[in-house]
$ cat target26.tsv   # TSV, C-alpha atoms
chain	number	residue	atom	x	y	z
A	1	MET	CA	108.22	60.83	133.13
A	2	THR	CA	106.49	57.89	131.45
A	3	LEU	CA	106.38	59.85	128.18
A	4	ILE	CA	110.09	60.66	128.45
A	5	GLY	CA	110.90	57.01	129.11
A	6	ASP	CA	108.82	55.88	126.13
A	7	LEU	CA	110.49	58.49	123.91
A	8	GLY	CA	113.88	57.22	125.06
A	9	LYS	CA	112.96	53.65	124.16
A	10	ILE	CA	111.74	54.68	120.68
A	11	ILE	CA	114.88	56.74	120.03
A	12	ALA	CA	117.21	53.98	121.27
A	13	PHE	CA	115.38	51.45	119.07
A	14	LEU	CA	115.69	53.69	115.99
A	15	PHE	CA	119.37	54.27	116.75
A	16	LEU	CA	119.99	50.53	116.92
A	17	LEU	CA	117.96	49.98	113.75
A	18	LEU	CA	120.08	52.54	111.92
A	19	VAL	CA	123.26	50.96	113.32
A	20	ILE	CA	122.25	47.61	111.82
A	21	PHE	CA	121.40	49.28	108.50
A	22	LEU	CA	124.76	51.09	108.33
A	23	ILE	CA	126.73	47.93	109.13
A	24	THR	CA	124.88	45.74	106.62
A	25	ALA	CA	124.28	48.28	103.80
A	26	LYS	CA	126.16	47.72	100.57
A	27	SER	CA	128.61	50.57	100.11
A	28	LYS	CA	131.90	51.18	98.32
A	29	ARG	CA	133.32	52.73	101.47
A	30	LYS	CA	132.53	50.89	104.68
A	31	LEU	CA	134.62	52.91	107.16
A	32	PRO	CA	132.31	55.99	107.32
A	33	ASN	CA	129.33	53.68	107.89
A	34	TYR	CA	131.12	51.77	110.65
A	35	LEU	CA	132.27	54.93	112.42
A	36	PHE	CA	128.85	56.55	112.22
A	37	ALA	CA	127.28	53.30	113.46
A	38	SER	CA	129.72	53.28	116.39
A	39	PHE	CA	128.85	56.89	117.18
A	40	LEU	CA	125.12	56.11	117.13
A	41	LEU	CA	125.63	53.02	119.29
A	42	VAL	CA	127.50	55.01	121.95
A	43	SER	CA	124.83	57.75	121.73
A	44	SER	CA	122.07	55.18	122.27
A	45	ILE	CA	123.87	53.99	125.43
A	46	ASP	CA	123.85	57.58	126.70
A	47	LEU	CA	120.15	58.05	125.79
A	48	SER	CA	119.25	54.83	127.60
A	49	GLY	CA	119.49	56.89	130.79
A	50	LEU	CA	115.99	58.19	129.95
A	51	PHE	CA	114.49	54.79	130.77
A	52	TRP	CA	117.21	52.55	132.27
A	53	SER	CA	119.46	52.87	135.31
A	54	PRO	CA	121.95	49.96	135.52
A	55	SER	CA	122.54	48.49	138.96
A	56	SER	CA	125.87	46.90	138.08
A	57	THR	CA	128.91	49.05	138.90
A	58	PHE	CA	130.61	47.92	135.68
A	59	PHE	CA	127.72	48.89	133.38
A	60	ARG	CA	127.02	52.09	135.29
A	61	SER	CA	130.69	53.11	135.01
A	62	PHE	CA	130.83	52.18	131.34
A	63	LYS	CA	127.65	54.14	130.59
A	64	SER	CA	128.96	57.23	132.39
A	65	ALA	CA	132.38	57.14	130.73
A	66	SER	CA	131.12	56.23	127.26
A	67	VAL	CA	129.94	59.79	126.56
A	68	LEU	CA	133.64	60.63	126.16
A	69	LEU	CA	133.67	58.42	123.07
A	70	GLN	CA	130.87	60.25	121.24
A	71	MET	CA	132.71	63.27	119.87
A	72	PRO	CA	135.96	61.42	119.02
A	73	LEU	CA	133.92	58.92	117.00
A	74	TYR	CA	131.99	61.70	115.30
A	75	TYR	CA	135.22	63.55	114.47
A	76	LEU	CA	136.74	60.40	112.94
A	77	TYR	CA	133.49	59.79	111.05
A	78	VAL	CA	133.64	63.30	109.53
A	79	LYS	CA	137.25	62.78	108.42
A	80	SER	CA	136.45	59.40	106.87
A	81	ALA	CA	133.39	60.85	105.10
A	82	CYS	CA	135.44	63.70	103.64
A	83	TYR	CA	138.53	61.76	102.56
A	84	TYR	CA	138.33	58.46	100.67
A	85	ASN	CA	141.90	57.48	101.65
A	86	PHE	CA	141.50	58.14	105.37
A	87	ASN	CA	142.28	55.02	107.39
A	88	LEU	CA	142.33	54.24	111.08
A	89	ASN	CA	145.68	53.48	112.67
A	90	LYS	CA	147.19	53.09	116.14
A	91	LYS	CA	147.52	56.81	116.80
A	92	HIS	CA	143.72	57.18	116.64
A	93	LEU	CA	143.47	55.08	119.82
A	94	LEU	CA	144.57	58.23	121.67
A	95	HIS	CA	141.06	59.58	121.11
A	96	ALA	CA	139.80	56.89	123.52
A	97	LEU	CA	142.29	57.78	126.28
A	98	LEU	CA	139.92	60.02	128.28
A	99	PHE	CA	137.22	57.35	128.11
A	100	LEU	CA	139.56	54.63	129.40
A	101	LEU	CA	140.90	56.77	132.25
A	102	SER	CA	137.40	57.82	133.31
A	103	PHE	CA	136.08	54.25	133.10
A	104	VAL	CA	138.91	52.93	135.31
A	105	LEU	CA	138.34	55.79	137.76
A	106	PHE	CA	134.57	55.21	137.92
A	107	ILE	CA	134.83	51.46	138.38
A	108	SER	CA	137.61	51.56	141.00
A	109	THR	CA	136.57	54.47	143.24
A	110	ASP	CA	133.49	56.19	144.58
A	111	ILE	CA	133.21	59.54	142.85
A	112	SER	CA	131.91	62.46	144.92
A	113	LYS	CA	129.46	65.06	143.64
A	114	GLN	CA	132.37	67.42	143.16
A	115	GLY	CA	134.11	64.73	141.11
A	116	TYR	CA	131.08	64.41	138.84
A	117	ARG	CA	130.99	68.20	138.41
A	118	LEU	CA	134.63	68.09	137.32
A	119	PHE	CA	133.75	65.24	134.95
A	120	ASP	CA	130.96	67.35	133.43
A	121	MET	CA	133.40	70.23	132.94
A	122	LEU	CA	135.86	67.86	131.25
A	123	LEU	CA	133.05	66.56	129.03
A	124	THR	CA	132.06	70.10	128.00
A	125	VAL	CA	135.65	71.08	127.17
A	126	GLN	CA	136.14	67.88	125.18
A	127	TYR	CA	132.86	68.42	123.31
A	128	TYR	CA	133.73	71.92	122.10
A	129	TYR	CA	137.32	70.94	121.31
A	130	TYR	CA	136.02	68.32	118.87
A	131	ILE	CA	133.31	70.63	117.52
A	132	VAL	CA	135.98	73.17	116.61
A	133	ALA	CA	138.10	70.37	115.10
A	134	VAL	CA	135.13	69.20	112.99
A	135	PHE	CA	134.46	72.72	111.67
A	136	LEU	CA	138.15	73.06	110.73
A	137	VAL	CA	138.01	69.73	108.85
A	138	LEU	CA	134.88	70.86	106.99
A	139	ARG	CA	136.41	74.23	106.10
A	140	THR	CA	139.50	72.56	104.63
A	141	PHE	CA	137.37	69.93	102.86
A	142	LYS	CA	135.23	72.61	101.17
A	143	LYS	CA	138.31	74.51	99.99
A	144	LEU	CA	139.99	71.37	98.65
A	145	TYR	CA	137.06	69.99	96.69
A	146	ARG	CA	136.36	73.38	95.12
A	147	GLU	CA	139.99	73.67	94.04
A	148	ASN	CA	140.47	70.10	92.79
A	149	TYR	CA	137.14	68.46	91.89
A	150	SER	CA	134.33	69.21	89.46
A	151	SER	CA	131.94	66.58	90.82
A	152	ASN	CA	129.44	67.58	93.48
A	153	HIS	CA	130.90	67.15	96.96
A	154	GLN	CA	128.68	69.96	98.20
A	155	GLN	CA	126.06	67.41	99.30
A	156	VAL	CA	128.60	65.74	101.60
A	157	TYR	CA	129.64	69.10	103.02
A	158	GLN	CA	126.03	70.19	103.62
A	159	TRP	CA	125.12	66.85	105.26
A	160	LEU	CA	128.05	67.00	107.66
A	161	LEU	CA	127.59	70.71	108.40
A	162	ARG	CA	123.87	70.36	109.13
A	163	THR	CA	124.47	67.28	111.28
A	164	THR	CA	127.11	69.13	113.30
A	165	ILE	CA	124.81	72.13	113.77
A	166	LEU	CA	122.02	69.82	114.96
A	167	PHE	CA	124.41	68.31	117.52
A	168	LEU	CA	125.28	71.82	118.70
A	169	ILE	CA	121.60	72.66	119.17
A	170	GLY	CA	121.03	69.39	121.04
A	171	ASN	CA	124.01	70.05	123.29
A	172	PHE	CA	122.62	73.52	124.06
A	173	PHE	CA	119.46	71.91	125.49
A	174	VAL	CA	121.59	69.54	127.57
A	175	LEU	CA	123.62	72.46	128.97
A	176	LEU	CA	120.42	74.39	129.64
A	177	ARG	CA	119.18	71.64	131.96
A	178	GLY	CA	122.02	72.41	134.39
A	179	PHE	CA	120.74	75.96	134.96
A	180	ILE	CA	117.08	75.14	135.55
A	181	LYS	CA	115.96	74.41	139.11
A	182	ASN	CA	112.19	74.33	138.59
A	183	ASN	CA	111.14	70.67	138.26
A	184	ASP	CA	108.13	71.40	136.03
A	185	ILE	CA	110.20	73.42	133.55
A	186	LEU	CA	112.91	70.77	133.70
A	187	LEU	CA	110.35	68.09	132.85
A	188	TYR	CA	109.16	70.07	129.82
A	189	LEU	CA	112.76	70.54	128.72
A	190	TYR	CA	113.45	66.79	129.00
A	191	THR	CA	110.34	66.11	126.90
A	192	PHE	CA	111.33	68.68	124.28
A	193	THR	CA	114.87	67.28	124.16
A	194	GLY	CA	113.41	63.80	123.61
A	195	PHE	CA	111.31	64.97	120.67
A	196	PHE	CA	114.30	66.84	119.24
A	197	ALA	CA	116.40	63.66	119.45
A	198	LEU	CA	113.55	61.76	117.74
A	199	PHE	CA	113.55	64.33	114.93
A	200	MET	CA	117.32	63.99	114.54
A	201	ILE	CA	117.33	60.20	114.31
A	202	SER	CA	114.40	60.30	111.84
A	203	TRP	CA	116.40	62.73	109.72
A	204	PHE	CA	119.43	60.42	109.87
A	205	VAL	CA	117.32	57.44	108.82
A	206	LEU	CA	115.78	59.26	105.84
A	207	ASN	CA	119.15	60.51	104.61
A	208	CYS	CA	120.77	57.10	104.93
A	209	LEU	CA	117.88	55.41	103.11
A	210	TYR	CA	117.68	57.90	100.24
A	211	ARG	CA	121.41	58.49	99.89
A	212	PRO	CA	123.18	55.29	101.00
A	213	ASP	CA	126.27	55.99	98.88
A	214	LEU	CA	126.58	59.68	99.72
A	215	PHE	CA	130.29	59.78	100.47
A	216	ALA	CA	132.66	59.59	97.53
A	217	GLY	CA	135.37	61.48	99.41
A	218	ILE	CA	138.41	63.37	98.20
A	219	ASP	CA	142.16	62.86	98.56
A	220	LYS	CA	143.34	63.65	102.12
A	221	ASP	CA	146.88	64.33	100.90
A	222	LEU	CA	145.81	67.42	98.96
A	223	VAL	CA	146.72	70.80	100.42
A	224	PRO	CA	144.94	74.12	99.82
A	225	VAL	CA	146.55	76.29	97.18
A	226	LYS	CA	148.24	79.40	98.55
A	227	LYS	CA	148.20	82.44	96.34
A	228	ALA	CA	151.61	83.56	95.21
A	229	PRO	CA	151.90	87.35	95.50
A	230	ASP	CA	154.42	87.52	92.63
A	231	PHE	CA	152.30	85.37	90.25
A	232	LYS	CA	151.97	86.94	86.78
A	233	GLU	CA	149.18	86.02	84.43
A	234	GLU	CA	150.36	83.58	81.80
A	235	SER	CA	148.19	84.63	78.88
A	236	GLU	CA	149.39	81.85	76.58
A	237	GLN	CA	148.64	79.16	79.15
A	238	LEU	CA	145.21	80.65	79.80
A	239	LYS	CA	144.55	80.82	76.07
A	240	ASP	CA	145.56	77.16	75.66
A	241	LEU	CA	143.32	76.20	78.56
A	242	LEU	CA	140.28	77.97	77.13
A	243	ILE	CA	140.89	76.47	73.68
A	244	LEU	CA	141.10	73.00	75.25
A	245	MET	CA	137.84	73.57	77.12
A	246	GLU	CA	136.05	74.69	73.95
A	247	MET	CA	137.49	72.08	71.58
A	248	GLU	CA	137.76	68.91	73.67
A	249	LYS	CA	135.01	69.72	76.21
A	250	PRO	CA	136.61	67.82	79.14
A	251	TYR	CA	133.93	69.29	81.43
A	252	LEU	CA	131.44	66.76	80.01
A	253	ASP	CA	133.20	64.14	82.17
A	254	ASP	CA	131.35	64.19	85.51
A	255	THR	CA	134.44	62.77	87.25
A	256	LEU	CA	136.80	65.46	85.93
A	257	THR	CA	139.42	66.54	88.49
A	258	LEU	CA	142.18	69.12	88.53
A	259	GLN	CA	144.67	66.28	88.10
A	260	LYS	CA	142.96	65.00	84.93
A	261	LEU	CA	142.74	68.47	83.41
A	262	ALA	CA	146.38	69.22	84.30
A	263	GLU	CA	147.44	66.08	82.43
A	264	LYS	CA	145.45	67.12	79.37
A	265	ILE	CA	147.02	70.56	79.20
A	266	ASN	CA	150.45	69.35	80.34
A	267	LEU	CA	150.74	71.67	83.37
A	268	PRO	CA	151.55	70.88	87.01
A	269	GLU	CA	148.39	70.72	89.14
A	270	LYS	CA	149.45	73.57	91.41
A	271	GLN	CA	150.27	75.81	88.46
A	272	LEU	CA	146.92	75.05	86.80
A	273	SER	CA	145.09	75.75	90.05
A	274	LEU	CA	146.84	79.10	90.42
A	275	LEU	CA	146.07	79.92	86.79
A	276	ILE	CA	142.36	79.28	87.32
A	277	ASN	CA	142.20	80.94	90.74
A	278	GLN	CA	144.08	84.12	89.88
A	279	SER	CA	143.67	84.58	86.13
A	280	VAL	CA	140.02	83.53	85.94
A	281	GLY	CA	139.14	84.48	89.51
A	282	LYS	CA	137.29	81.23	90.26
A	283	HIS	CA	137.82	77.93	91.99
A	284	PHE	CA	138.24	74.89	89.74
A	285	PHE	CA	134.74	73.69	90.73
A	286	ASP	CA	133.07	76.96	89.62
A	287	PHE	CA	135.29	77.25	86.54
A	288	ILE	CA	134.17	73.84	85.25
A	289	ASN	CA	130.54	74.45	86.15
A	290	GLU	CA	130.51	77.68	84.12
A	291	PHE	CA	131.25	75.68	80.96
A	292	ARG	CA	128.67	73.06	81.90
A	293	ILE	CA	126.00	75.70	82.48
A	294	ASN	CA	126.76	77.46	79.17
A	295	SER	CA	126.49	74.09	77.40
A	296	ALA	CA	123.23	73.38	79.24
A	297	LYS	CA	121.80	76.75	78.19
A	298	THR	CA	122.52	75.89	74.55
A	299	LEU	CA	120.87	72.46	74.86
A	300	LEU	CA	117.83	73.90	76.65
A	301	LYS	CA	117.43	76.48	73.87
A	302	GLU	CA	118.15	74.35	70.80
A	303	ASN	CA	116.78	70.96	71.92
A	304	PRO	CA	113.30	71.41	73.42
A	305	GLN	CA	112.70	67.67	73.12
A	306	LEU	CA	115.32	66.98	75.81
A	307	THR	CA	114.18	66.88	79.41
A	308	VAL	CA	116.06	68.84	82.06
A	309	LEU	CA	117.30	65.52	83.47
A	310	GLU	CA	118.71	64.50	80.09
A	311	VAL	CA	120.39	67.87	79.70
A	312	LEU	CA	122.13	67.80	83.08
A	313	TYR	CA	123.66	64.36	82.43
A	314	GLN	CA	124.79	65.37	78.94
A	315	VAL	CA	126.71	68.42	80.20
A	316	GLY	CA	128.59	66.62	83.00
A	317	PHE	CA	126.44	66.93	86.12
A	318	ASN	CA	125.60	63.80	88.10
A	319	SER	CA	122.66	64.97	90.20
A	320	LYS	CA	119.58	67.13	89.73
A	321	SER	CA	120.14	69.11	92.93
A	322	SER	CA	123.73	70.09	92.06
A	323	PHE	CA	122.66	71.09	88.53
A	324	TYR	CA	119.80	73.28	89.76
A	325	THR	CA	122.03	74.93	92.39
A	326	ALA	CA	124.84	75.66	89.91
A	327	PHE	CA	122.43	76.82	87.17
A	328	LYS	CA	120.61	79.23	89.45
A	329	LYS	CA	123.91	80.54	90.83
A	330	GLU	CA	125.13	81.26	87.29
A	331	THR	CA	121.91	82.57	85.71
A	332	GLY	CA	119.67	83.62	88.61
A	333	VAL	CA	116.85	81.31	87.44
A	334	THR	CA	116.12	77.58	87.42
A	335	PRO	CA	116.64	75.54	84.22
A	336	THR	CA	112.88	75.19	83.81
A	337	ASP	CA	112.30	78.96	84.14
A	338	TYR	CA	115.19	79.63	81.76
A	339	ARG	CA	113.64	77.36	79.11
A	340	LYS	CA	110.26	79.07	79.52
A	341	SER	CA	111.88	82.52	79.15
A	342	ILE	CA	113.42	81.67	75.78
A	343	SER	CA	110.50	79.73	74.30

$ encode --input "target26.tsv" --output "structure tokens"
Amino acid sequence: MTLIGDLGKIIAFLFLLLVIFLITAKSKRKLPNYLFASFLLVSSIDLSGLFWSPSSTFFRSFKSASVLLQMPLYYLYVKSACYYNFNLNKKHLLHALLFLLSFVLFISTDISKQGYRLFDMLLTVQYYYYIVAVFLVLRTFKKLYRENYSSNHQQVYQWLLRTTILFLIGNFFVLLRGFIKNNDILLYLYTFTGFFALFMISWFVLNCLYRPDLFAGIDKDLVPVKKAPDFKEESEQLKDLLILMEMEKPYLDDTLTLQKLAEKINLPEKQLSLLINQSVGKHFFDFINEFRINSAKTLLKENPQLTVLEVLYQVGFNSKSSFYTAFKKETGVTPTDYRKSIS
């Protein structure tokens, strides 16, 4: 138990350290940092149970009820990370309603064992409700950025998806504890859960340190394009689009969006999106990357003096990882291997 307590103290300390970093870090968008910091702070209060049992009724009630704030805060964090124009307003206070009701109930009455079992059931239902909501947000986010943006929002999507999956795994261990009656096995499970939590917070810290400005976000007012069954290919519009791409090379702009391209070709955004989706058979994101990759292949072949890093910036990519992923998806090999194959 001493090891578990010490692990809890280390984890809580790292959580608080990351909270301070997120609050004080220079960032163009503060809201995601503040919401994630709030989530971590509430999580550290929950984890403090590994080494601290408050004697005060107020603090004990607050600690017990605060777990109902974790998933709402994480859900709001995901939305703010995905959408740059997401803002908190009064309606979001409804997410704290269960916490407030539980806190008042805990502090004003003595809850029986049956009452705590009901509370645990409520907590489980709330947890999976928000998990489903988070996955729905991520699914819509992925569809929107692929249809409207050429810059790499895949990193944001992968970060949020992996974080959510890690939370699911951690919650599985917590649920598992309720089915184990053997004290020795339970002790091992508590220890393993502690090390898993330590791994998670270390992963959070490394990501926040190496990618402090990860979240550029997209427009929350965008809606996914729905395919029109009666849409007929407009060959002239497609021809004009391809000529524009070849002559003006708008894909070299790493901040190119569907809106910018629609203005250049003088088409409504929705119509351009349908043209690309149905006539070309690709999302806007993949359509733009195809031109970038073809341009990169030419530079890699004809300009051996250029480094791969110089090439990726010249053709419109803004990160090495996104360039390598897109290049391998398009050609089946890495840029380095491609250059070796043609030399």

$ closest_residue --input "target26.tsv" --among "A:Gln278, A:Asn207, A:Gln154, A:Asn85" --to "Leu18 in chain A" --atoms "all atoms listed in the file"
A:Asn207

$ closest_residue --input "target26.tsv" --among "A:Thr2, A:Asn318, A:Ser66, A:Gln237" --to "Phe39 in chain A" --atoms "all atoms listed in the file"
A:Ser66

$ residues_around --input "target26.tsv" --residues "Asp253 in chain A" --least-positions-apart "6" --cutoff "12 Å" --atoms "only C-alpha atoms" --output "list of chain:residue names"
A:Tyr149, A:Ser150, A:Ser151, A:Met245, A:Lys260, A:Leu261, A:Ile288, A:Asn289, A:Phe291, A:Arg292, A:Leu312, A:Tyr313, A:Gln314, A:Val315, A:Gly316, A:Phe317, A:Asn318

$ closest_residue --input "target26.tsv" --among "A:Leu166, A:Ala12, A:Ile243, A:Leu238" --to "Gln271 in chain A" --atoms "only C-alpha atoms"
A:Leu238

$ residues_around --input "target26.tsv" --residues "range 180-189 of chain A" --least-positions-apart "4" --cutoff "12 Å" --atoms "only C-alpha atoms" --output "PyMOL selection string"
chain A and resi 1-5+50+170+172-176+193-196

$ residues_around --input "target26.tsv" --residues "Phe135 in chain A" --least-positions-apart "6" --cutoff "10 Å" --atoms "all atoms listed in the file" --output "PyMOL selection string"
chain A and resi 75+78+141+160-161+164-165

$ atom_distance --input "target26.tsv" --atom1 "CA of Thr255 in chain A" --atom2 "CA of Asn303 in chain A"
24.8 Å

$ atom_distance --input "target26.tsv" --atom1 "CA of Lys270 in chain A" --atom2 "CA of Tyr77 in chain A"
28.8 Å

$ residues_around --input "target26.tsv" --residues "range 332-343 of chain A" --least-positions-apart "4" --cutoff "9 Å" --atoms "all atoms listed in the file" --output "short mmCIF file (atom, residue, chain, number, x, y, z; two decimals) with C-alpha atoms, keeping the file's coordinate frame"
data_model
loop_
_atom_site.label_atom_id
_atom_site.label_comp_id
_atom_site.auth_asym_id
_atom_site.auth_seq_id
_atom_site.Cartn_x
_atom_site.Cartn_y
_atom_site.Cartn_z
CA ALA A 296 123.23 73.38 79.24
CA LYS A 297 121.80 76.75 78.19
CA LEU A 300 117.83 73.90 76.65
CA LYS A 301 117.43 76.48 73.87
CA PRO A 304 113.30 71.41 73.42
CA VAL A 308 116.06 68.84 82.06
CA PHE A 323 122.66 71.09 88.53
CA TYR A 324 119.80 73.28 89.76
CA THR A 325 122.03 74.93 92.39
CA PHE A 327 122.43 76.82 87.17
CA LYS A 328 120.61 79.23 89.45
#
